[in-house]
Amino acid sequence: MKTLTEHLTQYAAYHRDRRNIITHFIGIPLIVVAVAILLSRPSLPLYGLWLSPAAVVAAIAAVFYVRLDLRLGITMCLLLALCLWIGMHCAQLPTGGWLFWGLGSFILGWIIQFAGHLFEGRKPAFIDDMMGLAIGPLFVVAEFAFLCGLRKELELAIEMQLGPRSNK
């Protein structure tokens, strides 16, 4: 299994333009929430839990993230739980509302993502490696940590291999 640094470096190679990274702060959360919404049907409330395909996917993702890095993984678990909570509430809407929020967020998220890649002048990472779909949300959390002055060793390890991000 690749290390956290290897995954993030491979993903970051497609994301060196700050404008592209900014679009990912909006687009990726919209897409993750949309997937949680759309996969929250069918569901089964059981002992106070909302069991759905979204919960299964989130659990698998959570294990992957925690195995890569405990601190970022716990953050991802909390964010995935928030997405599941939103998905659960949207799944209880009438079908039209559920689809509006699920498909609307999904389409808008991808439009924003592709706009960011126009700035970058490069295709999205998942085109070459489907694992990019799983690493994208983690990349956003890591980039936020870097902006907050956290995980400097990880940021430096990535920049040692790729060079600094552009200031555009």
# chains A, B, ... in the order shown; residues from 1 in each chain; ligands from 1
$ select_by_dssp --residues "stretch 19-62 of chain A" --states "alpha helix (DSSP H)" --output "VMD selection string"
chain A and resid 19 to 38 53 to 62
$ write_last_selection --atoms "N, CA and C atoms" --output "PDB file, in the first residue's frame"
ATOM      1  N   ARG A  19      -5.312  28.460  -7.801  1.00  0.00           N
ATOM      2  CA  ARG A  19      -6.714  28.647  -8.201  1.00  0.00           C
ATOM      3  C   ARG A  19      -7.418  27.300  -8.330  1.00  0.00           C
ATOM      4  N   ASN A  20      -6.726  26.315  -8.839  1.00  0.00           N
ATOM      5  CA  ASN A  20      -7.289  24.971  -8.939  1.00  0.00           C
ATOM      6  C   ASN A  20      -7.530  24.390  -7.544  1.00  0.00           C
ATOM      7  N   ILE A  21      -6.573  24.586  -6.666  1.00  0.00           N
ATOM      8  CA  ILE A  21      -6.726  24.075  -5.297  1.00  0.00           C
ATOM      9  C   ILE A  21      -7.933  24.731  -4.629  1.00  0.00           C
ATOM     10  N   ILE A  22      -8.110  26.030  -4.834  1.00  0.00           N
ATOM     11  CA  ILE A  22      -9.256  26.730  -4.245  1.00  0.00           C
ATOM     12  C   ILE A  22     -10.573  26.137  -4.755  1.00  0.00           C
ATOM     13  N   THR A  23     -10.638  25.839  -6.053  1.00  0.00           N
ATOM     14  CA  THR A  23     -11.880  25.242  -6.571  1.00  0.00           C
ATOM     15  C   THR A  23     -12.137  23.886  -5.932  1.00  0.00           C
ATOM     16  N   HIS A  24     -11.077  23.188  -5.569  1.00  0.00           N
ATOM     17  CA  HIS A  24     -11.241  21.883  -4.935  1.00  0.00           C
ATOM     18  C   HIS A  24     -11.808  22.008  -3.522  1.00  0.00           C
ATOM     19  N   PHE A  25     -11.548  23.135  -2.860  1.00  0.00           N
ATOM     20  CA  PHE A  25     -12.117  23.361  -1.533  1.00  0.00           C
ATOM     21  C   PHE A  25     -13.637  23.481  -1.594  1.00  0.00           C
ATOM     22  N   ILE A  26     -14.164  23.789  -2.762  1.00  0.00           N
ATOM     23  CA  ILE A  26     -15.613  23.896  -2.942  1.00  0.00           C
ATOM     24  C   ILE A  26     -16.163  22.649  -3.640  1.00  0.00           C
ATOM     25  N   GLY A  27     -15.533  22.281  -4.746  1.00  0.00           N
ATOM     26  CA  GLY A  27     -16.045  21.195  -5.574  1.00  0.00           C
ATOM     27  C   GLY A  27     -16.027  19.839  -4.906  1.00  0.00           C
ATOM     28  N   ILE A  28     -14.928  19.480  -4.273  1.00  0.00           N
ATOM     29  CA  ILE A  28     -14.834  18.145  -3.669  1.00  0.00           C
ATOM     30  C   ILE A  28     -15.833  17.961  -2.526  1.00  0.00           C
ATOM     31  N   PRO A  29     -15.950  18.920  -1.591  1.00  0.00           N
ATOM     32  CA  PRO A  29     -16.988  18.718  -0.562  1.00  0.00           C
ATOM     33  C   PRO A  29     -18.394  18.597  -1.153  1.00  0.00           C
ATOM     34  N   LEU A  30     -18.695  19.363  -2.192  1.00  0.00           N
ATOM     35  CA  LEU A  30     -20.011  19.231  -2.831  1.00  0.00           C
ATOM     36  C   LEU A  30     -20.218  17.824  -3.385  1.00  0.00           C
ATOM     37  N   ILE A  31     -19.192  17.284  -4.005  1.00  0.00           N
ATOM     38  CA  ILE A  31     -19.293  15.944  -4.588  1.00  0.00           C
ATOM     39  C   ILE A  31     -19.438  14.888  -3.498  1.00  0.00           C
ATOM     40  N   VAL A  32     -18.650  14.999  -2.436  1.00  0.00           N
ATOM     41  CA  VAL A  32     -18.730  14.015  -1.349  1.00  0.00           C
ATOM     42  C   VAL A  32     -20.102  14.060  -0.680  1.00  0.00           C
ATOM     43  N   VAL A  33     -20.608  15.254  -0.425  1.00  0.00           N
ATOM     44  CA  VAL A  33     -21.950  15.377   0.153  1.00  0.00           C
ATOM     45  C   VAL A  33     -22.983  14.798  -0.810  1.00  0.00           C
ATOM     46  N   ALA A  34     -22.836  15.086  -2.099  1.00  0.00           N
ATOM     47  CA  ALA A  34     -23.782  14.575  -3.094  1.00  0.00           C
ATOM     48  C   ALA A  34     -23.803  13.048  -3.103  1.00  0.00           C
ATOM     49  N   VAL A  35     -22.642  12.435  -3.044  1.00  0.00           N
ATOM     50  CA  VAL A  35     -22.581  10.970  -3.026  1.00  0.00           C
ATOM     51  C   VAL A  35     -23.258  10.437  -1.765  1.00  0.00           C
ATOM     52  N   ALA A  36     -23.026  11.097  -0.632  1.00  0.00           N
ATOM     53  CA  ALA A  36     -23.684  10.678   0.612  1.00  0.00           C
ATOM     54  C   ALA A  36     -25.202  10.805   0.489  1.00  0.00           C
ATOM     55  N   ILE A  37     -25.659  11.882  -0.131  1.00  0.00           N
ATOM     56  CA  ILE A  37     -27.099  12.071  -0.312  1.00  0.00           C
ATOM     57  C   ILE A  37     -27.665  10.975  -1.219  1.00  0.00           C
ATOM     58  N   LEU A  38     -27.035  10.791  -2.363  1.00  0.00           N
ATOM     59  CA  LEU A  38     -27.570   9.843  -3.345  1.00  0.00           C
ATOM     60  C   LEU A  38     -27.509   8.395  -2.861  1.00  0.00           C
ATOM     61  N   PRO A  53     -26.280   2.377   1.791  1.00  0.00           N
ATOM     62  CA  PRO A  53     -25.052   2.218   1.005  1.00  0.00           C
ATOM     63  C   PRO A  53     -24.038   3.332   1.317  1.00  0.00           C
ATOM     64  N   ALA A  54     -24.517   4.529   1.624  1.00  0.00           N
ATOM     65  CA  ALA A  54     -23.615   5.632   1.964  1.00  0.00           C
ATOM     66  C   ALA A  54     -22.800   5.296   3.213  1.00  0.00           C
ATOM     67  N   ALA A  55     -23.440   4.679   4.202  1.00  0.00           N
ATOM     68  CA  ALA A  55     -22.741   4.316   5.437  1.00  0.00           C
ATOM     69  C   ALA A  55     -21.663   3.266   5.169  1.00  0.00           C
ATOM     70  N   VAL A  56     -21.955   2.330   4.289  1.00  0.00           N
ATOM     71  CA  VAL A  56     -20.972   1.289   3.950  1.00  0.00           C
ATOM     72  C   VAL A  56     -19.766   1.909   3.237  1.00  0.00           C
ATOM     73  N   VAL A  57     -20.027   2.766   2.260  1.00  0.00           N
ATOM     74  CA  VAL A  57     -18.937   3.423   1.525  1.00  0.00           C
ATOM     75  C   VAL A  57     -18.117   4.300   2.469  1.00  0.00           C
ATOM     76  N   ALA A  58     -18.789   5.048   3.341  1.00  0.00           N
ATOM     77  CA  ALA A  58     -18.079   5.916   4.288  1.00  0.00           C
ATOM     78  C   ALA A  58     -17.231   5.089   5.253  1.00  0.00           C
ATOM     79  N   ALA A  59     -17.729   3.957   5.693  1.00  0.00           N
ATOM     80  CA  ALA A  59     -16.959   3.109   6.610  1.00  0.00           C
ATOM     81  C   ALA A  59     -15.698   2.572   5.936  1.00  0.00           C
ATOM     82  N   ILE A  60     -15.832   2.145   4.697  1.00  0.00           N
ATOM     83  CA  ILE A  60     -14.659   1.651   3.957  1.00  0.00           C
ATOM     84  C   ILE A  60     -13.649   2.779   3.765  1.00  0.00           C
ATOM     85  N   ALA A  61     -14.141   3.958   3.382  1.00  0.00           N
ATOM     86  CA  ALA A  61     -13.258   5.109   3.197  1.00  0.00           C
ATOM     87  C   ALA A  61     -12.586   5.484   4.518  1.00  0.00           C
ATOM     88  N   ALA A  62     -13.337   5.464   5.601  1.00  0.00           N
ATOM     89  CA  ALA A  62     -12.783   5.832   6.905  1.00  0.00           C
ATOM     90  C   ALA A  62     -11.636   4.909   7.302  1.00  0.00           C
TER      91      ALA A  62
END
$ residues_around --residues "stretch 136-138 of chain A" --least-positions-apart "2" --cutoff "8 Å" --atoms "only C-alpha atoms" --output "PyMOL selection string"
chain A and resi 11+28-29+32+65+72+76+132-134+140-142
$ select_by_dssp --residues "stretch 5-159 of chain A" --states "strand (DSSP E or B)" --output "count of residues only"
7
$ closest_residue --among "A:Arg18, A:Gly109, A:Phe100, A:Leu51" --to "A:Leu147" --atoms "only C-alpha atoms"
A:Arg18
$ atom_distance --atom1 "atom CA of A:Phe114" --atom2 "atom CA of A:Trp101"
19.8 Å
$ residues_around --residues "A:Gln10" --least-positions-apart "4" --cutoff "9 Å" --atoms "only C-alpha atoms" --output "MDAnalysis selection string"
chainID A and resid 5:6 14 125 132 158
$ closest_residue --among "A:Ala12, A:Leu99, A:Leu154, A:Leu4" --to "A:Arg122" --atoms "only C-alpha atoms"
A:Ala12
$ closest_residue --among "A:Ser52, A:Gln113, A:Thr75, A:Thr9" --to "A:Ala145" --atoms "only C-alpha atoms"
A:Thr75
$ closest_residue --among "A:His117, A:Leu79, A:Asp69, A:Cys90" --to "A:Arg151" --atoms "only C-alpha atoms"
A:Asp69
